[in-house]
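Structure file entry.txt; described as compact mmCIF, C-alpha atoms.
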```txt
# COMPACT_ATOMS: atom_id res chain seq x y z
CA MET A 149 -29.81 17.58 -66.63
CA LYS A 150 -30.36 20.63 -68.82
CA GLU A 151 -31.13 21.15 -72.47
CA ILE A 152 -28.78 23.41 -74.38
CA ARG A 153 -28.75 24.68 -77.95
CA ILE A 154 -25.38 25.74 -79.28
CA ASN A 155 -23.82 26.42 -82.65
CA VAL A 156 -20.49 24.63 -82.86
CA ASN A 157 -18.42 25.45 -85.93
CA GLY A 158 -21.55 26.37 -87.90
CA VAL A 159 -23.52 23.26 -86.92
CA PHE A 160 -26.52 23.59 -84.58
CA ARG A 161 -26.39 21.14 -81.70
CA HIS A 162 -29.18 20.30 -79.30
CA LEU A 163 -27.71 18.53 -76.30
CA ILE A 164 -28.81 17.31 -72.90
CA VAL A 165 -25.98 17.98 -70.46
CA GLU A 166 -25.35 17.37 -66.77
CA ASP A 167 -25.48 20.46 -64.54
CA ASN A 168 -21.82 19.96 -63.62
CA GLU A 169 -20.56 19.11 -67.12
CA ILE A 170 -17.51 21.06 -68.24
CA LEU A 171 -17.55 22.49 -71.77
CA LEU A 172 -14.14 20.99 -72.54
CA ASP A 173 -15.61 17.53 -71.84
CA THR A 174 -18.66 18.20 -73.99
CA LEU A 175 -16.54 19.34 -76.93
CA ARG A 176 -13.92 16.60 -76.81
CA THR A 177 -15.81 13.57 -75.57
CA ARG A 178 -19.32 14.10 -76.91
CA LEU A 179 -18.68 16.04 -80.09
CA GLY A 180 -15.23 14.65 -80.93
CA ILE A 181 -13.65 18.07 -81.38
CA THR A 182 -10.07 17.16 -80.57
CA SER A 183 -8.29 20.40 -81.52
CA VAL A 184 -9.45 21.62 -78.11
CA LYS A 185 -6.73 20.19 -75.89
CA ALA A 186 -7.16 19.05 -72.30
CA ALA A 187 -4.08 19.82 -70.22
CA CYS A 188 -4.15 21.70 -66.92
CA TRP A 189 -7.95 21.71 -66.32
CA ARG A 190 -7.56 24.82 -64.15
CA GLY A 191 -7.55 27.76 -66.54
CA GLU A 192 -3.82 28.30 -66.60
CA CYS A 193 -2.36 26.84 -69.81
CA GLY A 194 -5.04 28.05 -72.24
CA LEU A 195 -4.77 25.02 -74.53
CA CYS A 196 -8.52 24.47 -74.34
CA THR A 197 -9.23 28.00 -75.64
CA VAL A 198 -12.28 28.27 -77.91
CA LEU A 199 -14.04 31.31 -79.33
CA ILE A 200 -17.40 31.93 -77.72
CA ASP A 201 -19.22 34.64 -79.65
CA ASN A 202 -15.78 35.55 -81.03
CA LYS A 203 -14.21 35.99 -77.59
CA PRO A 204 -11.44 33.59 -76.57
CA MET A 205 -12.37 31.69 -73.42
CA LYS A 206 -10.93 28.67 -71.61
CA SER A 207 -13.38 25.80 -72.00
CA CYS A 208 -12.05 23.92 -68.95
CA MET A 209 -13.41 26.69 -66.72
CA LEU A 210 -16.85 26.92 -68.27
CA LEU A 211 -19.98 24.94 -67.58
CA SER A 212 -21.66 23.59 -70.70
CA VAL A 213 -25.01 24.93 -69.47
CA GLU A 214 -23.54 28.42 -69.30
CA VAL A 215 -22.88 28.62 -73.04
CA ASP A 216 -26.49 27.79 -74.00
CA GLY A 217 -27.40 29.91 -77.03
CA SER A 218 -23.79 30.75 -77.94
CA GLU A 219 -21.79 30.36 -81.08
CA ILE A 220 -18.63 28.31 -80.49
CA LEU A 221 -15.73 28.25 -82.88
CA THR A 222 -12.71 25.95 -82.68
CA ALA A 223 -9.73 25.42 -84.99
CA GLU A 224 -11.80 22.92 -87.01
CA GLY A 225 -14.39 25.62 -87.69
CA LEU A 226 -11.72 28.08 -88.78
CA TYR A 227 -10.56 25.79 -91.57
CA ASN A 228 -13.27 27.12 -93.88
CA ASN A 229 -12.46 30.73 -93.08
CA LYS A 230 -10.18 32.16 -95.75
CA ARG A 231 -8.46 34.64 -93.44
CA ALA A 232 -7.92 32.03 -90.74
CA ARG A 233 -6.50 29.66 -93.36
CA VAL A 234 -3.90 32.29 -94.25
CA LEU A 235 -3.12 32.58 -90.55
CA MET A 236 -2.67 28.80 -90.32
CA GLU A 237 -0.41 28.80 -93.37
CA SER A 238 1.57 31.61 -91.82
CA PHE A 239 2.13 29.42 -88.73
CA VAL A 240 3.55 26.70 -90.99
CA LYS A 241 5.65 29.15 -93.00
CA HIS A 242 7.21 30.65 -89.86
CA GLY A 243 7.72 27.30 -88.14
CA ALA A 244 5.55 28.60 -85.32
CA MET A 245 5.33 25.26 -83.54
CA GLN A 246 7.41 22.39 -82.34
CA CYS A 247 5.18 19.66 -80.91
CA GLY A 248 2.06 21.45 -82.17
CA PHE A 249 -0.04 20.76 -79.08
CA CYS A 250 -0.74 24.46 -78.40
CA THR A 251 -1.16 25.49 -82.06
CA PRO A 252 -5.00 25.27 -82.27
CA ALA A 253 -5.32 27.47 -79.17
CA PHE A 254 -2.87 30.04 -80.55
CA VAL A 255 -4.59 30.05 -83.94
CA THR A 256 -8.07 30.57 -82.49
CA THR A 257 -6.86 33.29 -80.10
CA ALA A 258 -4.89 35.07 -82.83
CA HIS A 259 -7.87 34.87 -85.20
CA SER A 260 -10.05 36.54 -82.58
CA VAL A 261 -7.43 39.28 -82.01
CA LEU A 262 -7.00 40.07 -85.70
CA SER A 263 -10.67 39.82 -86.65
CA SER A 264 -11.77 42.09 -83.81
CA ASN A 265 -8.96 44.60 -84.47
CA PRO A 266 -7.08 44.24 -87.76
CA ASP A 267 -4.99 47.28 -86.74
CA ALA A 268 -3.67 45.51 -83.63
CA ASP A 269 -0.07 46.59 -83.09
CA ASP A 270 2.76 44.25 -82.11
CA GLN A 271 2.29 45.03 -78.43
CA GLU A 272 -1.44 44.24 -78.52
CA ILE A 273 -0.79 40.95 -80.30
CA SER A 274 1.80 39.94 -77.67
CA GLU A 275 -0.51 41.00 -74.84
CA LYS A 276 -3.61 39.19 -76.15
CA LEU A 277 -1.72 35.95 -76.74
CA LYS A 278 -0.62 35.82 -73.10
CA GLY A 279 -3.46 33.46 -72.18
CA VAL A 280 -1.89 30.49 -73.97
CA ILE A 281 1.32 28.71 -72.99
CA CYS A 282 3.71 27.02 -75.45
CA ARG A 283 6.01 24.67 -73.54
CA CYS A 284 8.29 24.30 -76.57
CA GLY A 285 8.86 28.05 -76.39
CA THR A 286 8.07 29.06 -79.96
CA TYR A 287 6.61 32.40 -78.90
CA PHE A 288 8.86 34.43 -81.18
CA GLN A 289 7.81 32.50 -84.29
CA ILE A 290 4.15 32.55 -83.24
CA LYS A 291 4.18 36.33 -82.93
CA GLU A 292 5.95 36.66 -86.29
CA ALA A 293 3.34 34.38 -87.90
CA VAL A 294 0.47 36.44 -86.51
CA LYS A 295 2.08 39.73 -87.54
CA SER A 296 2.64 38.40 -91.01
CA ALA A 297 -1.03 37.38 -91.40
CA ARG A 298 -2.24 40.73 -90.08
CA ALA A 299 -2.14 42.41 -93.51
CA PHE A 300 -4.56 39.83 -94.86
CA TYR A 301 -7.14 40.65 -92.16
CA LYS A 302 -6.57 44.34 -92.71
CA ASP A 303 -7.04 44.64 -96.45
CA GLY A 304 -10.62 43.40 -96.27
CA SER A 305 -10.04 40.13 -98.05
CA PRO A 306 -13.13 37.92 -98.16
CA GLU A 307 -13.69 35.66 -95.18
CA THR A 308 -14.91 32.67 -97.16
CA PHE A 309 -13.67 30.86 -100.25
CA MET B 96 -16.76 11.10 -69.26
CA SER B 97 -13.80 12.75 -67.49
CA PHE B 98 -10.56 11.35 -66.21
CA GLY B 99 -12.12 11.02 -62.78
CA GLY B 100 -10.02 12.81 -60.16
CA PRO B 101 -10.20 16.28 -58.70
CA TYR B 102 -9.23 19.05 -61.17
CA PHE B 103 -10.98 17.13 -63.97
CA THR B 104 -14.46 16.92 -62.55
CA LEU B 105 -16.85 19.02 -60.54
CA PRO B 106 -18.86 17.79 -57.58
CA LYS B 107 -22.59 17.32 -58.25
CA PHE B 108 -24.80 20.39 -57.85
CA LYS B 109 -28.05 21.82 -59.14
CA TYR B 110 -27.59 24.68 -61.58
CA LEU B 111 -29.98 27.62 -61.43
CA ARG B 112 -30.03 30.52 -63.86
CA PRO B 113 -32.45 33.29 -62.86
CA ASP B 114 -33.49 35.85 -65.50
CA SER B 115 -33.87 38.87 -63.22
CA LEU B 116 -32.37 40.34 -60.07
CA GLU B 117 -35.64 39.76 -58.21
CA GLU B 118 -35.64 36.08 -59.14
CA LEU B 119 -31.95 35.80 -58.21
CA LEU B 120 -32.50 37.30 -54.76
CA SER B 121 -35.51 35.06 -54.08
CA SER B 122 -33.60 31.98 -55.05
CA LEU B 123 -30.63 33.08 -52.94
CA HIS B 124 -33.02 33.58 -50.00
CA GLU B 125 -34.61 30.18 -50.54
CA HIS B 126 -31.32 28.27 -50.76
CA SER B 127 -29.41 30.42 -48.26
CA GLY B 128 -26.34 28.59 -46.96
CA ASN B 129 -26.49 25.86 -49.61
CA ALA B 130 -25.85 27.99 -52.67
CA LYS B 131 -22.90 29.74 -54.30
CA ILE B 132 -23.20 32.55 -56.80
CA MET B 133 -21.33 32.17 -60.07
CA SER B 134 -20.48 35.17 -62.25
CA GLY B 135 -17.52 34.32 -64.49
CA GLY B 136 -17.01 31.04 -62.66
CA VAL B 137 -13.23 31.10 -62.94
CA GLY B 138 -12.66 31.29 -59.20
CA LEU B 139 -15.63 29.21 -58.06
CA LEU B 140 -15.04 26.31 -60.48
CA ALA B 141 -11.34 26.19 -59.49
CA PHE B 142 -12.32 25.89 -55.82
CA MET B 143 -14.94 23.25 -56.66
CA LYS B 144 -12.53 21.20 -58.77
CA GLU B 145 -10.14 21.09 -55.83
CA ARG B 146 -13.08 20.11 -53.57
CA LEU B 147 -12.56 23.15 -51.37
CA THR B 148 -16.25 23.87 -51.69
CA ALA B 149 -19.20 21.77 -52.82
CA PRO B 150 -22.44 23.78 -52.77
CA GLU B 151 -25.79 22.08 -53.33
CA TYR B 152 -26.85 24.85 -55.70
CA VAL B 153 -24.86 27.02 -58.08
CA ILE B 154 -26.73 30.16 -59.06
CA SER B 155 -25.48 31.72 -62.27
CA ILE B 156 -25.93 35.47 -62.72
CA SER B 157 -25.06 35.42 -66.43
CA LYS B 158 -28.63 36.17 -67.54
CA VAL B 159 -29.43 38.87 -64.99
CA PRO B 160 -29.57 42.11 -67.01
CA GLU B 161 -29.40 44.42 -63.97
CA LEU B 162 -25.95 43.04 -63.08
CA LYS B 163 -24.57 43.45 -66.59
CA THR B 164 -24.55 47.25 -66.49
CA LEU B 165 -21.56 49.55 -66.37
CA GLN B 166 -22.81 53.07 -65.82
CA ILE B 167 -21.80 56.49 -64.58
CA LYS B 168 -24.32 58.19 -62.31
CA GLY B 169 -23.82 61.04 -59.88
CA GLY B 170 -20.04 61.04 -60.15
CA VAL B 171 -19.81 57.31 -59.47
CA LEU B 172 -18.88 54.47 -61.80
CA ALA B 173 -21.13 51.51 -60.98
CA VAL B 174 -19.68 48.19 -62.06
CA GLY B 175 -22.32 45.44 -62.10
CA ALA B 176 -21.45 42.01 -60.69
CA ASN B 177 -21.49 40.48 -64.16
CA VAL B 178 -19.36 43.09 -65.96
CA HIS B 179 -16.37 41.23 -67.34
CA LEU B 180 -12.89 42.48 -66.57
CA SER B 181 -12.14 42.95 -70.28
CA GLU B 182 -14.92 45.57 -70.40
CA LEU B 183 -12.90 47.68 -67.95
CA GLU B 184 -9.83 47.78 -70.17
CA SER B 185 -11.03 50.80 -72.16
CA GLY B 186 -9.20 54.07 -72.82
CA SER B 187 -11.71 56.10 -70.80
CA ILE B 188 -11.15 53.96 -67.68
CA LYS B 189 -7.39 54.28 -68.25
CA ASN B 190 -7.66 58.07 -68.10
CA SER B 191 -10.23 58.50 -65.37
CA LEU B 192 -9.40 55.57 -63.05
CA PRO B 193 -5.76 54.65 -63.67
CA THR B 194 -5.48 52.52 -60.51
CA LEU B 195 -8.44 50.38 -61.57
CA TYR B 196 -7.20 50.07 -65.15
CA ARG B 197 -3.76 48.93 -64.12
CA ALA B 198 -5.11 46.52 -61.50
CA VAL B 199 -7.44 44.94 -64.06
CA LYS B 200 -4.55 44.59 -66.52
CA ASN B 201 -2.69 42.67 -63.83
CA ILE B 202 -5.44 40.13 -63.22
CA ALA B 203 -4.65 36.71 -64.75
CA ASP B 204 -4.46 36.89 -68.58
CA PRO B 205 -6.61 38.46 -71.34
CA THR B 206 -8.53 35.21 -71.98
CA ILE B 207 -9.49 34.84 -68.31
CA ARG B 208 -10.43 38.55 -68.28
CA ASN B 209 -13.07 37.75 -70.91
CA MET B 210 -14.65 35.40 -68.37
CA GLY B 211 -13.94 36.83 -64.89
CA THR B 212 -15.51 39.86 -63.27
CA LEU B 213 -14.28 42.63 -60.95
CA VAL B 214 -16.91 41.88 -58.31
CA GLY B 215 -16.11 38.16 -58.61
CA ASP B 216 -12.43 38.86 -57.94
CA LEU B 217 -13.45 40.85 -54.85
CA ALA B 218 -15.96 38.24 -53.64
CA GLU B 219 -13.43 35.42 -54.01
CA ALA B 220 -11.74 37.00 -50.96
CA VAL B 221 -8.24 35.67 -51.48
CA PRO B 222 -5.24 37.60 -50.11
CA TRP B 223 -3.59 37.66 -53.55
CA GLY B 224 -6.64 39.22 -55.25
CA ASP B 225 -5.94 42.37 -57.26
CA ALA B 226 -9.39 44.02 -57.13
CA TYR B 227 -9.56 44.43 -53.34
CA PRO B 228 -6.42 46.60 -52.75
CA ALA B 229 -7.18 48.70 -55.85
CA LEU B 230 -10.80 49.32 -54.79
CA ILE B 231 -9.70 50.24 -51.24
CA SER B 232 -7.19 52.77 -52.55
CA MET B 233 -9.91 54.36 -54.73
CA GLU B 234 -12.27 54.50 -51.70
CA ALA B 235 -14.86 52.44 -53.51
CA GLU B 236 -18.07 51.16 -51.98
CA ALA B 237 -19.99 47.95 -52.53
CA GLU B 238 -23.74 47.64 -52.98
CA ILE B 239 -24.93 44.50 -51.25
CA SER B 240 -28.43 43.29 -52.05
CA LYS B 241 -30.76 40.74 -50.55
CA LYS B 242 -34.41 39.87 -51.01
CA SER B 243 -35.93 42.62 -48.90
CA SER B 244 -33.27 45.32 -48.87
CA SER B 245 -29.91 46.55 -49.99
CA ARG B 246 -27.04 48.34 -48.28
CA VAL B 247 -23.97 50.26 -49.37
CA VAL B 248 -20.76 49.71 -47.41
CA PRO B 249 -17.12 50.76 -47.94
CA VAL B 250 -15.13 48.07 -49.74
CA ASN B 251 -12.46 48.47 -47.06
CA GLY B 252 -13.26 45.91 -44.38
CA LEU B 253 -15.41 43.71 -46.61
CA VAL B 254 -12.87 40.89 -46.78
CA LEU B 255 -12.05 39.43 -43.37
CA GLY B 256 -9.49 36.80 -44.38
CA LEU B 257 -8.90 33.92 -46.76
CA GLY B 258 -12.30 33.04 -48.20
CA GLN B 259 -14.12 35.05 -45.54
CA ILE B 260 -16.26 37.96 -46.57
CA ASN B 261 -18.58 40.22 -44.64
CA VAL B 262 -21.59 39.32 -46.77
CA ASP B 263 -24.40 37.05 -45.53
CA ASP B 264 -25.38 33.82 -47.27
CA ASP B 265 -28.57 35.34 -48.68
CA GLU B 266 -26.78 38.47 -49.95
CA ILE B 267 -24.93 39.30 -53.14
CA ILE B 268 -22.44 42.06 -53.92
CA SER B 269 -24.51 43.49 -56.76
CA ARG B 270 -22.28 46.42 -57.75
CA ALA B 271 -18.93 48.02 -57.02
CA LEU B 272 -19.34 51.79 -56.75
CA ILE B 273 -16.19 53.71 -57.63
CA PRO B 274 -16.12 57.50 -57.08
CA LEU B 275 -15.03 59.49 -60.14
CA ARG B 276 -12.81 62.20 -58.72
CA LYS B 277 -9.71 63.81 -60.16
CA VAL B 278 -7.03 61.25 -59.43
CA ARG B 279 -3.59 60.08 -60.35
CA GLY B 280 -2.82 56.50 -59.58
CA THR B 281 -1.01 53.31 -60.28
CA TYR B 282 -1.03 49.61 -59.43
CA LEU B 283 2.15 47.59 -59.31
CA LYS B 284 2.51 43.87 -58.83
CA PHE B 285 5.47 41.57 -58.31
CA ALA B 286 4.40 38.08 -59.29
CA ASN B 287 7.63 36.26 -60.08
CA GLY B 288 6.32 34.57 -63.22
CA SER B 289 3.01 33.51 -61.69
CA GLU B 290 -0.35 35.25 -61.86
CA TYR B 291 -0.44 35.39 -58.05
CA GLY B 292 1.30 38.42 -56.61
CA LEU B 293 3.92 38.09 -53.89
CA ALA B 294 3.27 41.73 -53.17
CA THR B 295 1.18 44.45 -54.82
CA VAL B 296 0.91 48.18 -54.27
CA ALA B 297 -2.13 50.28 -55.20
CA LEU B 298 -1.67 54.03 -54.96
CA THR B 299 -4.39 56.60 -55.64
CA TYR B 300 -3.79 60.34 -55.21
CA PHE B 301 -6.84 62.61 -55.10
CA THR B 302 -5.42 65.73 -56.72
CA GLU B 303 -8.07 68.22 -55.51
CA GLU B 304 -8.11 67.04 -51.91
CA LYS B 305 -4.31 66.55 -52.03
CA ARG B 306 -4.34 63.24 -50.23
CA PHE B 307 -3.44 59.68 -51.10
CA ASN B 308 -4.17 56.08 -50.14
CA LEU B 309 -1.39 53.55 -50.49
CA VAL B 310 -2.58 49.96 -50.15
CA ILE B 311 -0.29 46.94 -49.95
CA GLY B 312 -1.83 43.67 -51.06
CA SER B 313 -0.81 39.99 -51.30
CA ALA B 314 1.53 40.43 -48.33
CA SER B 315 -0.83 39.57 -45.48
CA GLU B 316 -4.28 38.09 -44.99
CA THR B 317 -5.93 41.47 -45.57
CA PRO B 318 -4.40 44.51 -47.30
CA ILE B 319 -2.37 47.09 -45.37
CA THR B 320 -3.66 50.63 -45.90
CA ILE B 321 -1.55 53.77 -45.41
CA ARG B 322 -3.61 56.95 -45.57
CA GLU B 323 -2.38 60.50 -45.99
CA SER B 324 -4.22 61.45 -42.79
CA ASP B 325 -2.32 58.81 -40.79
CA VAL B 326 1.15 59.87 -41.87
CA ASP B 327 0.95 63.44 -43.15
CA TRP B 328 3.46 63.17 -45.96
CA ASP B 329 3.37 65.69 -48.81
CA PHE B 330 5.21 64.16 -51.75
CA ASP B 331 4.24 67.10 -53.97
CA LYS B 332 6.02 69.55 -51.65
CA ASP B 333 9.21 67.74 -50.74
CA PHE B 334 9.59 64.43 -52.53
CA GLY B 335 13.00 63.35 -51.21
CA THR B 336 12.35 63.84 -47.49
CA ASN B 337 8.92 62.22 -47.67
CA VAL B 338 10.25 59.20 -49.55
CA GLU B 339 12.69 58.68 -46.69
CA LYS B 340 9.77 58.87 -44.26
CA LEU B 341 7.88 56.30 -46.35
CA GLU B 342 10.87 53.94 -46.35
CA ARG B 343 11.23 54.27 -42.60
CA TYR B 344 7.51 53.71 -42.09
CA LEU B 345 7.53 50.54 -44.21
CA GLN B 346 10.58 49.23 -42.37
CA LEU B 347 9.02 49.73 -38.94
CA ASN B 348 5.33 49.04 -39.50
CA VAL B 349 4.87 46.55 -42.31
CA ASN B 350 5.37 42.89 -41.42
CA PRO B 351 4.47 40.73 -44.40
CA VAL B 352 3.59 37.06 -44.19
CA ASP B 353 6.29 34.38 -44.35
CA ASP B 354 5.17 31.46 -46.54
CA LEU B 355 6.33 28.90 -49.11
CA LEU B 356 6.30 31.46 -51.93
CA ALA B 357 8.53 34.04 -50.25
CA SER B 358 10.06 34.95 -46.92
CA SER B 359 8.86 37.94 -44.97
CA ASP B 360 12.16 39.77 -45.56
CA PHE B 361 11.99 39.20 -49.30
CA ARG B 362 8.42 40.51 -49.42
CA LYS B 363 9.47 43.51 -47.32
CA ASN B 364 12.12 44.41 -49.89
CA VAL B 365 9.64 43.95 -52.74
CA ILE B 366 7.09 46.19 -50.97
CA ARG B 367 9.75 48.85 -50.45
CA TYR B 368 10.71 48.74 -54.11
CA LEU B 369 7.12 48.77 -55.40
CA SER B 370 6.07 51.57 -53.04
CA LEU B 371 8.99 53.79 -54.08
CA GLN B 372 8.27 53.04 -57.74
CA ALA B 373 4.58 53.87 -57.22
CA VAL B 374 5.17 57.23 -55.53
CA LYS B 375 7.74 58.09 -58.19
CA GLU B 376 5.24 57.32 -60.96
CA VAL B 377 2.38 59.19 -59.35
CA PHE B 378 4.17 62.18 -57.82
CA LEU B 379 7.07 62.77 -60.23
CA ASP B 380 6.41 61.23 -63.66
CA GLU B 381 2.67 61.86 -63.92
CA ARG B 382 2.92 65.34 -62.40
CA ASP B 383 5.46 66.27 -65.06
CA GLN B 384 3.10 65.01 -67.75
CA ASN B 385 0.11 67.01 -66.44
```

Just give me the structure of the file as structure tokens.
Amino acid sequence: MKEIRINVNGVFRHLIVEDNEILLDTLRTRLGITSVKAACWRGECGLCTVLIDNKPMKSCMLLSVEVDGSEILTAEGLYNNKRARVLMESFVKHGAMQCGFCTPAFVTTAHSVLSSNPDADDQEISEKLKGVICRCGTYFQIKEAVKSARAFYKDGSPETF
Amino acid sequence: MSFGGPYFTLPKFKYLRPDSLEELLSSLHEHSGNAKIMSGGVGLLAFMKERLTAPEYVISISKVPELKTLQIKGGVLAVGANVHLSELESGSIKNSLPTLYRAVKNIADPTIRNMGTLVGDLAEAVPWGDAYPALISMEAEAEISKKSSSRVVPVNGLVLGLGQINVDDDEIISRALIPLRKVRGTYLKFANGSEYGLATVALTYFTEEKRFNLVIGSASETPITIRESDVDWDFDKDFGTNVEKLERYLQLNVNPVDDLLASSDFRKNVIRYLSLQAVKEVFLDERDQN
């Protein structure tokens, strides 16, 4: 058992976790954060992607003890971010989903790409989104949605409402 | 808490997180044989989920500052064991070490590259690893540390086979040391939709010494290395004739593994294609650009 202190979506959490506890389990089962999807459990599909200190990482391949002291952001946490909200609306506008299971992972990854480099070109966007799989195959619409939201990240619009 | 079966859970272990290299090496010495080192964890946790390994202790190196460094000293780029792959995707690495840059770009996906490390990919010692053939072609060395001493050995020969590495239980590969010489290079991978290569080719050409190393990975238990000194081909002088020699050499001397993913003949054709593409890129296209 280890004590960890993490900031999840702006809320400080002080948890006691097992040494072998997987972050995906901690987020979904203990904290009820269900936008983080559990699918392959082996780091391939990317549906459990969360932002750890603004870097997309696959939570099924991370120990909860390893992220002690980190800031974790999931799709729920992005809801209050004005730029990310535009990105989410862009997903809806472009029909960038079918079943919607992968959407939170794509939104969090795309938010990290655009907020770390608002000048990301089309090729960089495609490349950085490679870590997430959409089994419905809406990649084209997803890329269009991200490209369309890019201008909003670029023009320095405020992050919060 | 989890669904219960392998893949979803990890076997029980004690987690240790030393704060310095000294503490890490002591703890490795103390738990020698019962401990595994975790850098990014992507490889180790996958093996543990499948119950291929179940160490009593997992020692994380994420808080060891000495292993976090990426520095240039004495014409060598030293990549610490906890330097993430994404940190090697910079423009300066692209220009100075093109083989490394392109190999890193071929490892898994950008999200995994935020977690995994170059040294971790090497230490995983799997035949389909991308770091090992690239590091061999660049003539890199590995710094291996233990409690009382450290040694520097060529990366070539470090991996003995699937999961077998020439590093003792109380040792850690602390840094990969890559010489910074004037080079042209490339790394090509045929993966057929998966992240695991069916065949890869790493080619580094040292422009001042006028010699190359061509390393074929993912096609046998350990990479196949073809050195300029072994074959005496000068692609810069007469490209066409030497390409024919290369094709003949591959046909006669390279016997790739036959497994569920691909037959030996198929791999042989892929290796031929990738090797020709690599020499074309390095000796024709890049020469024209320089």

Each chain A residue no farther than 8 Å from chain B, nearest pair in Å, all atoms listed in the file, as JSON lines:
```
{"residue": "A:Asp167", "atom": "CA", "partner": "B:Tyr110", "partner_atom": "CA", "distance": 5.6}
{"residue": "A:Asn168", "atom": "CA", "partner": "B:Leu105", "partner_atom": "CA", "distance": 5.9}
{"residue": "A:Glu169", "atom": "CA", "partner": "B:Leu105", "partner_atom": "CA", "distance": 7.6}
{"residue": "A:Ile170", "atom": "CA", "partner": "B:Thr104", "partner_atom": "CA", "distance": 7.7}
{"residue": "A:Asp173", "atom": "CA", "partner": "B:Ser97", "partner_atom": "CA", "distance": 6.7}
{"residue": "A:Thr177", "atom": "CA", "partner": "B:Met96", "partner_atom": "CA", "distance": 6.8}
{"residue": "A:Trp189", "atom": "CA", "partner": "B:Tyr102", "partner_atom": "CA", "distance": 5.9}
{"residue": "A:Arg190", "atom": "CA", "partner": "B:Ala141", "partner_atom": "CA", "distance": 6.2}
{"residue": "A:Gly191", "atom": "CA", "partner": "B:Val137", "partner_atom": "CA", "distance": 7.5}
{"residue": "A:Gly194", "atom": "CA", "partner": "B:Thr206", "partner_atom": "CA", "distance": 8.0}
{"residue": "A:Lys203", "atom": "CA", "partner": "B:Asn209", "partner_atom": "CA", "distance": 7.0}
{"residue": "A:Pro204", "atom": "CA", "partner": "B:Thr206", "partner_atom": "CA", "distance": 5.7}
{"residue": "A:Met205", "atom": "CA", "partner": "B:Thr206", "partner_atom": "CA", "distance": 5.4}
{"residue": "A:Lys206", "atom": "CA", "partner": "B:Thr206", "partner_atom": "CA", "distance": 7.0}
{"residue": "A:Met209", "atom": "CA", "partner": "B:Val137", "partner_atom": "CA", "distance": 5.8}
{"residue": "A:Leu210", "atom": "CA", "partner": "B:Gly136", "partner_atom": "CA", "distance": 7.0}
{"residue": "A:Glu214", "atom": "CA", "partner": "B:Ser157", "partner_atom": "CA", "distance": 7.7}
{"residue": "A:Glu275", "atom": "CA", "partner": "B:Pro205", "partner_atom": "CA", "distance": 7.5}
{"residue": "A:Lys276", "atom": "CA", "partner": "B:Pro205", "partner_atom": "CA", "distance": 5.7}
{"residue": "A:Leu277", "atom": "CA", "partner": "B:Pro205", "partner_atom": "CA", "distance": 7.7}
{"residue": "A:Lys278", "atom": "CA", "partner": "B:Asp204", "partner_atom": "CA", "distance": 6.0}
{"residue": "A:Gly279", "atom": "CA", "partner": "B:Asp204", "partner_atom": "CA", "distance": 5.1}
```

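Minimum atom-to-atom distance to Val213 of chain A, evaluated using all atoms listed in the file, belongs to A:Ile164 out of A:Leu179, A:Val255, A:Ile164, A:Ala299.
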
Closest to Ala173 of chain B among B:Leu213, B:Ile319, B:Leu123, B:Ala220, using all atoms listed in the file?
B:Leu213

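Across A:Glu151, A:Thr197, A:Ser263, A:Val215, the tightest approach to Lys230 of chain A is made by A:Ser263 when counting all atoms listed in the file.
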
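Proximity to Glu292 of chain A was assessed for A:Leu235, A:Val165, A:Val159, A:Leu211 counting only C-alpha atoms; the smallest distance is recorded for A:Leu235.
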
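Note that atom CA of Asp216 of chain B and atom CA of Lys131 of chain B are 14.4 Å apart.
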